[in-house]
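Below: my_file-v8.txt (compact mmCIF, N, CA and C atoms)
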# COMPACT_ATOMS: atom_id res chain seq x y z
N MET A 899 10.07 5.06 19.17
CA MET A 899 9.30 6.12 18.55
C MET A 899 10.25 6.96 17.69
N ALA A 900 9.78 7.40 16.53
CA ALA A 900 10.62 8.19 15.63
C ALA A 900 10.81 9.59 16.19
N SER A 901 12.00 10.11 15.99
CA SER A 901 12.26 11.47 16.42
C SER A 901 11.96 12.41 15.25
N PRO A 902 11.79 13.72 15.51
CA PRO A 902 11.51 14.65 14.44
C PRO A 902 12.60 14.63 13.37
N ALA A 903 13.84 14.32 13.77
CA ALA A 903 14.94 14.28 12.80
C ALA A 903 14.82 13.06 11.89
N HIS A 904 14.11 12.03 12.35
CA HIS A 904 13.95 10.80 11.58
C HIS A 904 12.47 10.43 11.53
N PRO A 905 11.72 11.04 10.61
CA PRO A 905 10.29 10.73 10.54
C PRO A 905 10.08 9.27 10.14
N PRO A 906 8.97 8.68 10.55
CA PRO A 906 8.73 7.28 10.22
C PRO A 906 8.59 7.07 8.71
N LEU A 907 9.01 5.89 8.27
CA LEU A 907 8.84 5.51 6.88
C LEU A 907 7.36 5.45 6.57
N LEU A 908 6.95 6.05 5.47
CA LEU A 908 5.58 5.97 4.99
C LEU A 908 5.53 4.88 3.93
N VAL A 909 4.75 3.83 4.19
CA VAL A 909 4.59 2.74 3.24
C VAL A 909 3.19 2.85 2.66
N ILE A 910 3.11 3.05 1.36
CA ILE A 910 1.83 3.18 0.67
C ILE A 910 1.63 1.93 -0.17
N VAL A 911 0.54 1.21 0.09
CA VAL A 911 0.28 -0.06 -0.57
C VAL A 911 -0.85 0.12 -1.58
N ASP A 912 -0.56 -0.23 -2.83
CA ASP A 912 -1.54 -0.21 -3.92
C ASP A 912 -2.39 -1.48 -3.79
N ALA A 913 -3.52 -1.37 -3.08
CA ALA A 913 -4.31 -2.56 -2.75
C ALA A 913 -4.75 -3.32 -3.99
N ALA A 914 -5.27 -2.63 -5.00
CA ALA A 914 -5.76 -3.32 -6.19
C ALA A 914 -4.64 -4.09 -6.87
N ASN A 915 -3.47 -3.52 -6.93
CA ASN A 915 -2.34 -4.16 -7.60
C ASN A 915 -1.84 -5.35 -6.80
N VAL A 916 -1.73 -5.20 -5.49
CA VAL A 916 -1.24 -6.29 -4.65
C VAL A 916 -2.25 -7.44 -4.63
N VAL A 917 -3.52 -7.12 -4.41
CA VAL A 917 -4.56 -8.15 -4.38
C VAL A 917 -4.64 -8.86 -5.73
N GLY A 918 -4.51 -8.10 -6.81
CA GLY A 918 -4.62 -8.67 -8.15
C GLY A 918 -3.40 -9.44 -8.60
N SER A 919 -2.35 -9.47 -7.79
CA SER A 919 -1.11 -10.14 -8.20
C SER A 919 -1.16 -11.66 -8.07
N VAL A 920 -2.19 -12.17 -7.40
CA VAL A 920 -2.33 -13.61 -7.23
C VAL A 920 -3.76 -14.01 -7.60
N PRO A 921 -3.92 -14.94 -8.54
CA PRO A 921 -5.26 -15.34 -8.98
C PRO A 921 -5.93 -16.29 -7.99
N ASP A 922 -6.38 -15.73 -6.87
CA ASP A 922 -6.96 -16.56 -5.81
C ASP A 922 -8.47 -16.34 -5.65
N GLY A 923 -9.11 -15.78 -6.67
CA GLY A 923 -10.55 -15.53 -6.61
C GLY A 923 -10.92 -14.18 -6.06
N TRP A 924 -9.95 -13.28 -5.88
CA TRP A 924 -10.19 -11.96 -5.31
C TRP A 924 -11.28 -11.19 -6.06
N TRP A 925 -11.45 -11.44 -7.34
CA TRP A 925 -12.41 -10.69 -8.16
C TRP A 925 -13.85 -10.95 -7.76
N ARG A 926 -14.09 -12.05 -7.04
CA ARG A 926 -15.45 -12.34 -6.58
C ARG A 926 -15.82 -11.51 -5.35
N ASP A 927 -14.83 -10.99 -4.64
CA ASP A 927 -15.08 -10.20 -3.44
C ASP A 927 -13.92 -9.22 -3.25
N ARG A 928 -13.93 -8.16 -4.03
CA ARG A 928 -12.82 -7.19 -4.00
C ARG A 928 -12.67 -6.54 -2.63
N ARG A 929 -13.79 -6.19 -2.03
CA ARG A 929 -13.73 -5.57 -0.71
C ARG A 929 -13.15 -6.53 0.33
N GLY A 930 -13.62 -7.78 0.31
CA GLY A 930 -13.11 -8.78 1.24
C GLY A 930 -11.62 -9.03 1.04
N ALA A 931 -11.18 -9.04 -0.22
CA ALA A 931 -9.75 -9.24 -0.50
C ALA A 931 -8.93 -8.08 0.06
N ALA A 932 -9.44 -6.85 -0.09
CA ALA A 932 -8.74 -5.69 0.45
C ALA A 932 -8.71 -5.74 1.98
N GLU A 933 -9.81 -6.20 2.58
CA GLU A 933 -9.84 -6.31 4.04
C GLU A 933 -8.85 -7.37 4.53
N ARG A 934 -8.72 -8.48 3.82
CA ARG A 934 -7.75 -9.51 4.21
C ARG A 934 -6.33 -8.96 4.10
N LEU A 935 -6.05 -8.21 3.04
CA LEU A 935 -4.73 -7.59 2.90
C LEU A 935 -4.48 -6.61 4.04
N ARG A 936 -5.47 -5.77 4.34
CA ARG A 936 -5.36 -4.82 5.45
C ARG A 936 -5.04 -5.54 6.75
N ASP A 937 -5.78 -6.62 7.01
CA ASP A 937 -5.59 -7.35 8.26
C ASP A 937 -4.21 -8.01 8.32
N ARG A 938 -3.73 -8.52 7.19
CA ARG A 938 -2.39 -9.13 7.16
C ARG A 938 -1.34 -8.06 7.42
N LEU A 939 -1.51 -6.87 6.83
CA LEU A 939 -0.57 -5.77 7.07
C LEU A 939 -0.58 -5.35 8.53
N ALA A 940 -1.77 -5.29 9.13
CA ALA A 940 -1.88 -4.89 10.55
C ALA A 940 -1.23 -5.94 11.44
N ARG A 941 -1.38 -7.21 11.09
CA ARG A 941 -0.83 -8.30 11.91
C ARG A 941 0.67 -8.46 11.72
N ASP A 942 1.12 -8.46 10.44
CA ASP A 942 2.51 -8.81 10.12
C ASP A 942 3.41 -7.61 9.86
N GLY A 943 2.84 -6.44 9.62
CA GLY A 943 3.65 -5.28 9.27
C GLY A 943 4.28 -5.44 7.89
N ILE A 944 5.37 -4.74 7.68
CA ILE A 944 6.09 -4.78 6.42
C ILE A 944 7.37 -5.58 6.66
N PRO A 945 7.46 -6.77 6.10
CA PRO A 945 8.65 -7.60 6.34
C PRO A 945 9.94 -6.86 6.00
N GLY A 946 10.91 -6.97 6.91
CA GLY A 946 12.21 -6.34 6.68
C GLY A 946 12.27 -4.87 7.05
N ARG A 947 11.17 -4.32 7.54
CA ARG A 947 11.14 -2.91 7.94
C ARG A 947 11.02 -2.82 9.45
N ALA A 948 11.20 -1.62 9.97
CA ALA A 948 11.21 -1.41 11.42
C ALA A 948 9.99 -2.04 12.09
N GLU A 949 10.23 -2.74 13.15
CA GLU A 949 9.17 -3.40 13.91
C GLU A 949 8.75 -2.55 15.12
N ASP A 950 9.39 -1.40 15.30
CA ASP A 950 9.17 -0.64 16.53
C ASP A 950 8.25 0.57 16.35
N GLY A 951 7.41 0.55 15.33
CA GLY A 951 6.47 1.65 15.15
C GLY A 951 7.00 2.75 14.27
N ASP A 952 8.19 2.61 13.71
CA ASP A 952 8.74 3.64 12.85
C ASP A 952 8.29 3.49 11.40
N VAL A 953 7.13 2.87 11.22
CA VAL A 953 6.55 2.69 9.89
C VAL A 953 5.08 3.09 9.97
N GLU A 954 4.64 3.91 9.03
CA GLU A 954 3.23 4.24 8.89
C GLU A 954 2.75 3.58 7.61
N VAL A 955 1.71 2.76 7.70
CA VAL A 955 1.20 2.04 6.54
C VAL A 955 -0.12 2.65 6.10
N VAL A 956 -0.20 2.96 4.79
CA VAL A 956 -1.44 3.46 4.20
C VAL A 956 -1.81 2.51 3.06
N LEU A 957 -2.99 1.95 3.13
CA LEU A 957 -3.52 1.06 2.10
C LEU A 957 -4.48 1.87 1.24
N VAL A 958 -4.18 2.00 -0.04
CA VAL A 958 -5.04 2.77 -0.95
C VAL A 958 -5.97 1.82 -1.67
N VAL A 959 -7.28 2.03 -1.48
CA VAL A 959 -8.30 1.21 -2.12
C VAL A 959 -9.10 2.06 -3.10
N GLU A 960 -9.70 1.36 -4.05
CA GLU A 960 -10.51 2.06 -5.06
C GLU A 960 -11.64 1.15 -5.51
N GLY A 961 -12.56 1.72 -6.27
CA GLY A 961 -13.64 0.92 -6.86
C GLY A 961 -14.44 0.16 -5.83
N ALA A 962 -14.65 -1.14 -6.10
CA ALA A 962 -15.48 -1.98 -5.25
C ALA A 962 -14.92 -2.15 -3.84
N ALA A 963 -13.66 -1.82 -3.64
CA ALA A 963 -13.05 -1.95 -2.31
C ALA A 963 -13.20 -0.68 -1.47
N LYS A 964 -13.78 0.38 -2.06
CA LYS A 964 -13.98 1.60 -1.28
C LYS A 964 -14.82 1.30 -0.06
N GLY A 965 -14.55 2.01 1.01
CA GLY A 965 -15.33 1.83 2.23
C GLY A 965 -14.68 0.89 3.22
N VAL A 966 -13.56 0.26 2.84
CA VAL A 966 -12.82 -0.55 3.80
C VAL A 966 -12.33 0.38 4.90
N GLU A 967 -12.52 -0.02 6.13
CA GLU A 967 -12.18 0.81 7.28
C GLU A 967 -10.73 0.66 7.68
N SER A 968 -10.18 1.73 8.26
CA SER A 968 -8.85 1.67 8.86
C SER A 968 -8.89 0.81 10.11
N VAL A 969 -7.75 0.25 10.47
CA VAL A 969 -7.59 -0.50 11.72
C VAL A 969 -6.29 -0.03 12.36
N PRO A 970 -6.09 -0.31 13.64
CA PRO A 970 -4.81 0.07 14.24
C PRO A 970 -3.64 -0.51 13.45
N GLY A 971 -2.73 0.36 13.06
CA GLY A 971 -1.56 -0.06 12.30
C GLY A 971 -1.66 0.13 10.80
N VAL A 972 -2.89 0.30 10.29
CA VAL A 972 -3.08 0.50 8.85
C VAL A 972 -4.17 1.53 8.62
N ARG A 973 -3.77 2.64 8.01
CA ARG A 973 -4.75 3.66 7.61
C ARG A 973 -5.19 3.32 6.19
N VAL A 974 -6.49 3.32 5.97
CA VAL A 974 -7.03 3.04 4.64
C VAL A 974 -7.46 4.35 4.01
N ALA A 975 -6.99 4.58 2.78
CA ALA A 975 -7.37 5.77 2.02
C ALA A 975 -8.18 5.31 0.82
N SER A 976 -9.45 5.72 0.77
CA SER A 976 -10.31 5.40 -0.37
C SER A 976 -10.10 6.44 -1.45
N ALA A 977 -9.65 5.99 -2.62
CA ALA A 977 -9.39 6.91 -3.72
C ALA A 977 -10.70 7.45 -4.27
N PRO A 978 -10.81 8.78 -4.41
CA PRO A 978 -12.03 9.34 -4.98
C PRO A 978 -12.16 9.04 -6.47
N GLY A 979 -11.04 8.76 -7.10
CA GLY A 979 -11.01 8.43 -8.53
C GLY A 979 -9.99 7.33 -8.73
N SER A 980 -8.93 7.66 -9.44
CA SER A 980 -7.86 6.70 -9.71
C SER A 980 -7.04 6.42 -8.46
N GLY A 981 -6.85 5.15 -8.16
CA GLY A 981 -5.99 4.78 -7.05
C GLY A 981 -4.56 5.24 -7.28
N ASP A 982 -4.10 5.14 -8.53
CA ASP A 982 -2.74 5.57 -8.86
C ASP A 982 -2.56 7.06 -8.58
N ASP A 983 -3.55 7.86 -8.97
CA ASP A 983 -3.44 9.31 -8.73
C ASP A 983 -3.43 9.61 -7.24
N THR A 984 -4.21 8.87 -6.46
CA THR A 984 -4.22 9.06 -5.01
C THR A 984 -2.86 8.72 -4.42
N ILE A 985 -2.26 7.63 -4.90
CA ILE A 985 -0.93 7.24 -4.41
C ILE A 985 0.09 8.31 -4.74
N VAL A 986 0.07 8.82 -5.96
CA VAL A 986 1.00 9.88 -6.36
C VAL A 986 0.79 11.11 -5.48
N ASP A 987 -0.46 11.46 -5.21
CA ASP A 987 -0.75 12.61 -4.34
C ASP A 987 -0.19 12.39 -2.93
N LEU A 988 -0.35 11.19 -2.39
CA LEU A 988 0.19 10.90 -1.05
C LEU A 988 1.70 11.03 -1.02
N VAL A 989 2.36 10.55 -2.07
CA VAL A 989 3.82 10.69 -2.14
C VAL A 989 4.20 12.16 -2.22
N ALA A 990 3.51 12.91 -3.08
CA ALA A 990 3.81 14.34 -3.25
C ALA A 990 3.59 15.13 -1.96
N GLU A 991 2.64 14.70 -1.14
CA GLU A 991 2.30 15.39 0.10
C GLU A 991 3.10 14.87 1.30
N SER A 992 4.05 13.99 1.08
CA SER A 992 4.76 13.33 2.18
C SER A 992 5.75 14.24 2.90
N GLY A 993 6.01 15.40 2.37
CA GLY A 993 6.87 16.36 3.05
C GLY A 993 8.33 15.95 3.12
N GLY A 994 8.79 15.18 2.17
CA GLY A 994 10.19 14.81 2.14
C GLY A 994 10.56 13.64 3.03
N ARG A 995 9.60 13.05 3.73
CA ARG A 995 9.91 11.89 4.55
C ARG A 995 10.14 10.68 3.65
N PRO A 996 10.80 9.65 4.14
CA PRO A 996 11.03 8.47 3.30
C PRO A 996 9.71 7.77 2.98
N VAL A 997 9.56 7.38 1.71
CA VAL A 997 8.33 6.74 1.25
C VAL A 997 8.68 5.48 0.47
N LEU A 998 7.94 4.41 0.75
CA LEU A 998 8.04 3.16 0.00
C LEU A 998 6.65 2.86 -0.55
N VAL A 999 6.56 2.69 -1.86
CA VAL A 999 5.29 2.36 -2.51
C VAL A 999 5.35 0.89 -2.93
N ILE A 1000 4.33 0.13 -2.55
CA ILE A 1000 4.24 -1.28 -2.91
C ILE A 1000 3.29 -1.41 -4.09
N THR A 1001 3.84 -1.72 -5.27
CA THR A 1001 3.06 -1.91 -6.48
C THR A 1001 3.93 -2.56 -7.54
N ALA A 1002 3.28 -3.18 -8.51
CA ALA A 1002 4.00 -3.71 -9.67
C ALA A 1002 3.67 -2.89 -10.93
N ASP A 1003 2.80 -1.92 -10.78
CA ASP A 1003 2.37 -1.10 -11.91
C ASP A 1003 3.53 -0.25 -12.41
N ARG A 1004 3.99 -0.51 -13.62
CA ARG A 1004 5.18 0.17 -14.14
C ARG A 1004 5.03 1.68 -14.22
N GLU A 1005 3.91 2.15 -14.72
CA GLU A 1005 3.71 3.59 -14.85
C GLU A 1005 3.65 4.25 -13.46
N LEU A 1006 2.97 3.62 -12.53
CA LEU A 1006 2.91 4.17 -11.17
C LEU A 1006 4.30 4.17 -10.54
N ARG A 1007 5.06 3.11 -10.76
CA ARG A 1007 6.43 3.06 -10.23
C ARG A 1007 7.25 4.24 -10.75
N ARG A 1008 7.11 4.52 -12.05
CA ARG A 1008 7.84 5.65 -12.64
C ARG A 1008 7.39 6.96 -12.01
N ARG A 1009 6.09 7.15 -11.88
CA ARG A 1009 5.57 8.40 -11.34
C ARG A 1009 6.05 8.66 -9.91
N VAL A 1010 6.05 7.62 -9.07
CA VAL A 1010 6.44 7.84 -7.67
C VAL A 1010 7.95 7.93 -7.49
N THR A 1011 8.71 7.20 -8.31
CA THR A 1011 10.17 7.33 -8.19
C THR A 1011 10.61 8.70 -8.67
N ASP A 1012 9.90 9.28 -9.63
CA ASP A 1012 10.20 10.65 -10.05
C ASP A 1012 10.03 11.63 -8.90
N LEU A 1013 9.20 11.26 -7.92
CA LEU A 1013 8.97 12.11 -6.74
C LEU A 1013 9.88 11.74 -5.57
N GLY A 1014 10.74 10.75 -5.77
CA GLY A 1014 11.71 10.38 -4.74
C GLY A 1014 11.36 9.16 -3.90
N ALA A 1015 10.25 8.50 -4.20
CA ALA A 1015 9.86 7.33 -3.43
C ALA A 1015 10.64 6.10 -3.88
N GLU A 1016 10.81 5.16 -2.97
CA GLU A 1016 11.31 3.83 -3.30
C GLU A 1016 10.11 3.00 -3.72
N VAL A 1017 10.35 1.91 -4.45
CA VAL A 1017 9.27 1.01 -4.80
C VAL A 1017 9.67 -0.44 -4.51
N ALA A 1018 8.66 -1.25 -4.26
CA ALA A 1018 8.85 -2.69 -4.07
C ALA A 1018 7.62 -3.37 -4.64
N GLY A 1019 7.80 -4.61 -5.04
CA GLY A 1019 6.70 -5.36 -5.64
C GLY A 1019 5.74 -5.95 -4.61
N PRO A 1020 4.61 -6.47 -5.11
CA PRO A 1020 3.59 -7.05 -4.24
C PRO A 1020 4.09 -8.17 -3.35
N ARG A 1021 5.08 -8.92 -3.78
CA ARG A 1021 5.60 -10.02 -2.95
C ARG A 1021 6.11 -9.53 -1.60
N THR A 1022 6.46 -8.27 -1.55
CA THR A 1022 6.92 -7.68 -0.30
C THR A 1022 5.91 -7.87 0.82
N VAL A 1023 4.62 -7.79 0.47
CA VAL A 1023 3.57 -7.89 1.49
C VAL A 1023 2.64 -9.07 1.28
N ARG A 1024 2.73 -9.74 0.16
CA ARG A 1024 1.85 -10.90 -0.10
C ARG A 1024 2.38 -12.16 0.54
N GLY A 1025 3.69 -12.25 0.68
CA GLY A 1025 4.26 -13.46 1.24
C GLY A 1025 4.25 -14.60 0.26
N THR A 1026 4.12 -14.28 -1.04
CA THR A 1026 4.12 -15.34 -2.05
C THR A 1026 5.51 -15.53 -2.60
N PRO A 1027 5.82 -16.73 -3.08
CA PRO A 1027 7.15 -16.99 -3.62
C PRO A 1027 7.41 -16.24 -4.91
Turn this file's structure into structure tokens for me.
Amino acid sequence: MASPAHPPLLVIVDAANVVGSVPDGWWRDRRGAAERLRDRLARDGIPGRAEDGDVEVVLVVEGAAKGVESVPGVRVASAPGSGDDTIVDLVAESGGRPVLVITADRELRRRVTDLGAEVAGPRTVRGTP
């Protein structure tokens, strides 16, 4: 368990960007694709990161994927508007704790690194080569 001196890593996953990174038919069922990503994150966690619960995962969904429910291990945040803006808000509200944002969106990467977050690409959680 994380101590107050070492808050857990906050991992924010840009669901639309990660799901859209592989042309596997996700556009036919955006909600289902987001649910599969959520379930993979809940099952596998974040590769290369703490396995002992010192990671909090937030999956940000938008548009047709809104309404995806949280599950143990993954909190789902439905963006009221832009998913990117919601991700930036979550980073800004993180209170100085370590944050990793999973996205390939260049502008979003710039916005969150300006706030002190680390970034990694979709392959981090997709498991694709």
Do you know which residues are at most 5 Å from stretch 992-998 of chain A counting all atoms listed in the file, after dropping those on the same chain fewer than 4 positions away, and could you put them as a list in words?
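The filter keeps Leu907, Leu908, Val909, Ile910, Leu988, Ala1015 and Glu1016 of chain A.
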Write out the residues from the selection above, keeping N, CA and C atoms, as a PDB file, keeping the file's coordinate frame.
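So the final result, stored in part22.pdb, reads:
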ATOM      1  N   LEU A 907       9.010   5.890   8.270  1.00  0.00           N
ATOM      2  CA  LEU A 907       8.840   5.510   6.880  1.00  0.00           C
ATOM      3  C   LEU A 907       7.360   5.450   6.570  1.00  0.00           C
ATOM      4  N   LEU A 908       6.950   6.050   5.470  1.00  0.00           N
ATOM      5  CA  LEU A 908       5.580   5.970   4.990  1.00  0.00           C
ATOM      6  C   LEU A 908       5.530   4.880   3.930  1.00  0.00           C
ATOM      7  N   VAL A 909       4.750   3.830   4.190  1.00  0.00           N
ATOM      8  CA  VAL A 909       4.590   2.740   3.240  1.00  0.00           C
ATOM      9  C   VAL A 909       3.190   2.850   2.660  1.00  0.00           C
ATOM     10  N   ILE A 910       3.110   3.050   1.360  1.00  0.00           N
ATOM     11  CA  ILE A 910       1.830   3.180   0.670  1.00  0.00           C
ATOM     12  C   ILE A 910       1.630   1.930  -0.170  1.00  0.00           C
ATOM     13  N   LEU A 988      -0.350  11.190  -2.390  1.00  0.00           N
ATOM     14  CA  LEU A 988       0.190  10.900  -1.050  1.00  0.00           C
ATOM     15  C   LEU A 988       1.700  11.030  -1.020  1.00  0.00           C
ATOM     16  N   ALA A1015      10.250   8.500  -4.200  1.00  0.00           N
ATOM     17  CA  ALA A1015       9.860   7.330  -3.430  1.00  0.00           C
ATOM     18  C   ALA A1015      10.640   6.100  -3.880  1.00  0.00           C
ATOM     19  N   GLU A1016      10.810   5.160  -2.970  1.00  0.00           N
ATOM     20  CA  GLU A1016      11.310   3.830  -3.300  1.00  0.00           C
ATOM     21  C   GLU A1016      10.110   3.000  -3.720  1.00  0.00           C
TER      22      GLU A1016
END
Contacts of A:Asp922 within 12 Å, only C-alpha atoms, excl. fewer than 5 positions in-chain, as a PyMOL selection string:
chain A and resi 916-917+927-928+931+1024+1026
Selected residues written out, N, CA and C atoms, as a CSV table (one decimal), keeping the file's coordinate frame:
chain,number,residue,atom,x,y,z
A,916,VAL,N,-1.7,-5.2,-5.5
A,916,VAL,CA,-1.2,-6.3,-4.6
A,916,VAL,C,-2.2,-7.4,-4.6
A,917,VAL,N,-3.5,-7.1,-4.4
A,917,VAL,CA,-4.6,-8.2,-4.4
A,917,VAL,C,-4.6,-8.9,-5.7
A,927,ASP,N,-14.8,-11.0,-4.6
A,927,ASP,CA,-15.1,-10.2,-3.4
A,927,ASP,C,-13.9,-9.2,-3.2
A,928,ARG,N,-13.9,-8.2,-4.0
A,928,ARG,CA,-12.8,-7.2,-4.0
A,928,ARG,C,-12.7,-6.5,-2.6
A,931,ALA,N,-11.2,-9.0,-0.2
A,931,ALA,CA,-9.8,-9.2,-0.5
A,931,ALA,C,-8.9,-8.1,0.1
A,1024,ARG,N,2.7,-9.7,0.2
A,1024,ARG,CA,1.8,-10.9,-0.1
A,1024,ARG,C,2.4,-12.2,0.5
A,1026,THR,N,4.1,-14.3,-1.0
A,1026,THR,CA,4.1,-15.3,-2.0
A,1026,THR,C,5.5,-15.5,-2.6
For atom CA of A:Arg1004 and atom CA of A:Val989, determine how far apart the two atoms are, in Å to one decimal place.
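Atom CA of A:Arg1004 sits 16.0 Å away from atom CA of A:Val989.
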Between atom CA of A:Val1017 and atom CA of A:Ala962, what is the distance in Å, rounded to a tenth?
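Straight-line distance from atom CA of A:Val1017 to atom CA of A:Ala962 works out to 24.9 Å.
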Atom pair atom C of A:Leu935 / atom CA of A:Asp1003: separation (Å)
18.2 Å
Here is a test: counting all atoms listed in the file, which residue of A:Val966, A:Ala1018, A:Ala914, A:Ala932 is nearest to A:Gly981?
A:Ala914
Nearest to A:Glu967, chosen from A:Glu933, A:Asp987, A:Trp924, A:Asp982, with all atoms listed in the file counted in the distances
A:Glu933
